[in-house]
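Down below is the structure, laid out as structure tokens.
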Amino acid sequence: ATVAWGCRRGKRGDGETVFEPRKEHRGNAARAIFYMSVRYGMPVEDVMEKRLRAWHEEDPVDDAERARVGRVEGVQGNRNLFVDRPGLVGRVGDF
């Protein structure tokens, strides 16, 4: 596996190339994907959802992520509800 742009790149057992963010950004990535799933009706595969839920728990929302969401709101006019209310992730049965 190699590291590029802060992401770990490697191969799955089936030979497909995969990327994984650094540990300190995994929760941020999970919450962004959850937001996209809910906002745009994009389903998340069960295996991926399980991993993303674990990342969400292992890397909780921090001040830097809250600040980024505030900057996004300034541009887009909306916020990621999973950053503002992280407990909502557990209330969603299936992304």
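Residue names in the structure tokens use chain letters A, B, ... in the order shown, residue numbers from 1 in each chain, and ligand numbers from 1 in the order shown.
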
| task | For stretch 63-65 of chain A, list every protein, DNA or RNA residue within 10 Å, evaluated using only C-alpha atoms, and leave out those in the same chain fewer than 6 positions away; present the list as a list of chain:residue names. | result | A:His25, A:Gly27, A:Asn28, A:Arg71, A:Val83, A:Asp84

| Near stretch 46-54 of chain A, counting only C-alpha atoms, which residues have an atom at most 10 Å away, once you skip same-chain residues fewer than 4 positions from it, shown as a list in words? | Arg26, Gly27, Asn28, Ala29, Ala30, Arg31, Ile33, Phe34, Glu58, Asp59, Val89, Gly90, Asp94 and Phe95 of chain A

Write the residues you've just listed into a file as a compact mmCIF listing (two decimals), in the first residue's frame, and include all heavy atoms for each of them.
# COMPACT_ATOMS: atom_id res chain seq x y z
N ARG A 26 -11.26 9.97 9.04
CA ARG A 26 -12.23 8.95 8.65
C ARG A 26 -13.66 9.30 9.05
O ARG A 26 -14.60 9.10 8.28
CB ARG A 26 -11.84 7.59 9.22
CG ARG A 26 -10.62 7.03 8.54
CD ARG A 26 -10.23 5.71 9.12
NE ARG A 26 -8.98 5.26 8.49
CZ ARG A 26 -8.25 4.28 8.94
NH1 ARG A 26 -8.62 3.61 10.02
NH2 ARG A 26 -7.15 3.94 8.31
N GLY A 27 -13.84 9.83 10.24
CA GLY A 27 -15.19 10.23 10.67
C GLY A 27 -15.73 11.34 9.79
O GLY A 27 -16.91 11.34 9.42
N ASN A 28 -14.86 12.28 9.44
CA ASN A 28 -15.28 13.38 8.56
C ASN A 28 -15.76 12.82 7.22
O ASN A 28 -16.80 13.25 6.69
CB ASN A 28 -14.10 14.33 8.29
CG ASN A 28 -13.45 14.87 9.53
OD1 ASN A 28 -13.30 14.17 10.54
ND2 ASN A 28 -13.04 16.10 9.49
N ALA A 29 -15.01 11.87 6.67
CA ALA A 29 -15.39 11.25 5.39
C ALA A 29 -16.71 10.51 5.53
O ALA A 29 -17.58 10.61 4.66
CB ALA A 29 -14.29 10.31 4.92
N ALA A 30 -16.87 9.77 6.62
CA ALA A 30 -18.11 9.03 6.84
C ALA A 30 -19.31 9.97 6.90
O ALA A 30 -20.33 9.73 6.24
CB ALA A 30 -18.01 8.22 8.14
N ARG A 31 -19.19 11.04 7.67
CA ARG A 31 -20.31 11.98 7.80
C ARG A 31 -20.61 12.68 6.48
O ARG A 31 -21.77 12.95 6.16
CB ARG A 31 -20.03 12.96 8.93
CG ARG A 31 -20.16 12.29 10.31
CD ARG A 31 -19.88 13.23 11.45
NE ARG A 31 -18.46 13.52 11.60
CZ ARG A 31 -17.60 12.76 12.24
NH1 ARG A 31 -17.97 11.61 12.78
NH2 ARG A 31 -16.33 13.11 12.35
N ILE A 33 -20.21 11.30 3.50
CA ILE A 33 -20.91 10.30 2.68
C ILE A 33 -22.33 10.11 3.18
O ILE A 33 -23.27 10.01 2.38
CB ILE A 33 -20.11 8.99 2.65
CG1 ILE A 33 -18.81 9.21 1.88
CG2 ILE A 33 -20.94 7.86 2.03
CD1 ILE A 33 -17.81 8.08 2.00
N PHE A 34 -22.54 10.09 4.49
CA PHE A 34 -23.90 9.97 5.03
C PHE A 34 -24.76 11.15 4.58
O PHE A 34 -25.92 10.98 4.21
CB PHE A 34 -23.88 9.89 6.56
CG PHE A 34 -23.29 8.62 7.11
CD1 PHE A 34 -22.70 8.61 8.36
CD2 PHE A 34 -23.32 7.43 6.39
CE1 PHE A 34 -22.16 7.44 8.89
CE2 PHE A 34 -22.79 6.26 6.91
CZ PHE A 34 -22.20 6.26 8.16
N GLU A 58 -15.28 6.11 15.78
CA GLU A 58 -13.87 6.17 16.14
C GLU A 58 -13.28 7.58 16.02
O GLU A 58 -12.32 7.91 16.70
CB GLU A 58 -13.07 5.22 15.25
CG GLU A 58 -13.39 3.76 15.48
CD GLU A 58 -12.89 2.85 14.37
OE1 GLU A 58 -12.17 3.31 13.45
OE2 GLU A 58 -13.23 1.65 14.41
N ASP A 59 -13.83 8.39 15.12
CA ASP A 59 -13.32 9.75 14.88
C ASP A 59 -14.48 10.73 15.04
O ASP A 59 -15.12 11.11 14.08
CB ASP A 59 -12.73 9.84 13.46
CG ASP A 59 -12.29 11.26 13.10
OD1 ASP A 59 -11.87 12.01 14.01
OD2 ASP A 59 -12.37 11.62 11.92
N VAL A 89 -26.80 9.74 13.28
CA VAL A 89 -26.29 8.60 12.50
C VAL A 89 -26.90 7.30 13.02
O VAL A 89 -27.36 6.46 12.24
CB VAL A 89 -24.75 8.53 12.53
CG1 VAL A 89 -24.24 7.23 11.95
CG2 VAL A 89 -24.16 9.72 11.79
N GLY A 90 -26.96 7.16 14.33
CA GLY A 90 -27.52 5.95 14.92
C GLY A 90 -29.03 5.81 14.73
O GLY A 90 -29.58 4.72 14.87
N ASP A 94 -30.76 2.75 7.57
CA ASP A 94 -30.06 2.28 6.38
C ASP A 94 -29.76 3.48 5.48
O ASP A 94 -30.68 4.17 5.05
CB ASP A 94 -30.93 1.26 5.62
CG ASP A 94 -30.23 0.60 4.47
OD1 ASP A 94 -28.98 0.53 4.48
OD2 ASP A 94 -30.91 0.14 3.54
N PHE A 95 -28.50 3.72 5.22
CA PHE A 95 -28.12 4.82 4.34
C PHE A 95 -28.15 4.35 2.90
O PHE A 95 -27.96 3.22 2.58
CB PHE A 95 -26.72 5.35 4.68
CG PHE A 95 -26.71 6.20 5.92
CD1 PHE A 95 -26.34 5.67 7.12
CD2 PHE A 95 -27.08 7.54 5.85
CE1 PHE A 95 -26.32 6.46 8.26
CE2 PHE A 95 -27.06 8.33 6.99
CZ PHE A 95 -26.69 7.79 8.20

Among chain A, which residues does DSSP mark as strand (DSSP E) when it is run on the backbone? Keep the chain and numbering as in the structure and answer as a compact mmCIF listing (two decimals) with C-alpha atoms, in the first residue's frame.
# COMPACT_ATOMS: atom_id res chain seq x y z
CA THR A 2 1.14 3.53 -0.70
CA VAL A 3 0.10 6.90 0.69
CA ALA A 4 -0.98 9.77 -1.54
CA CYS A 7 -5.00 8.62 1.82
CA ARG A 8 -3.81 5.04 2.01
CA ARG A 9 -4.07 3.21 -1.31
CA GLY A 10 -4.09 -0.54 -1.59
CA LYS A 11 -5.71 -3.54 -3.25
CA THR A 17 -7.77 -0.49 -5.93
CA VAL A 18 -9.19 1.16 -2.81
CA PHE A 19 -8.42 4.36 -0.91
CA GLU A 20 -8.79 4.97 2.80
CA PRO A 21 -8.42 8.33 4.57

| said: Report as a list in words all protein, DNA and RNA residues lying within 12 Å of A:Gly87, evaluated on only C-alpha atoms, omitting residues in the same chain fewer than 5 positions from it. | reply: Arg31, Arg53, His56, Glu57, Pro60, Val61, Leu81, Phe82 and Val92 of chain A

| Hey, which of A:Gly13, A:Gln76, A:Pro43, A:Glu24 ends up closest to A:Asp62? Count only C-alpha atoms. |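 Result for the nearest residue to A:Asp62: A:Glu24.
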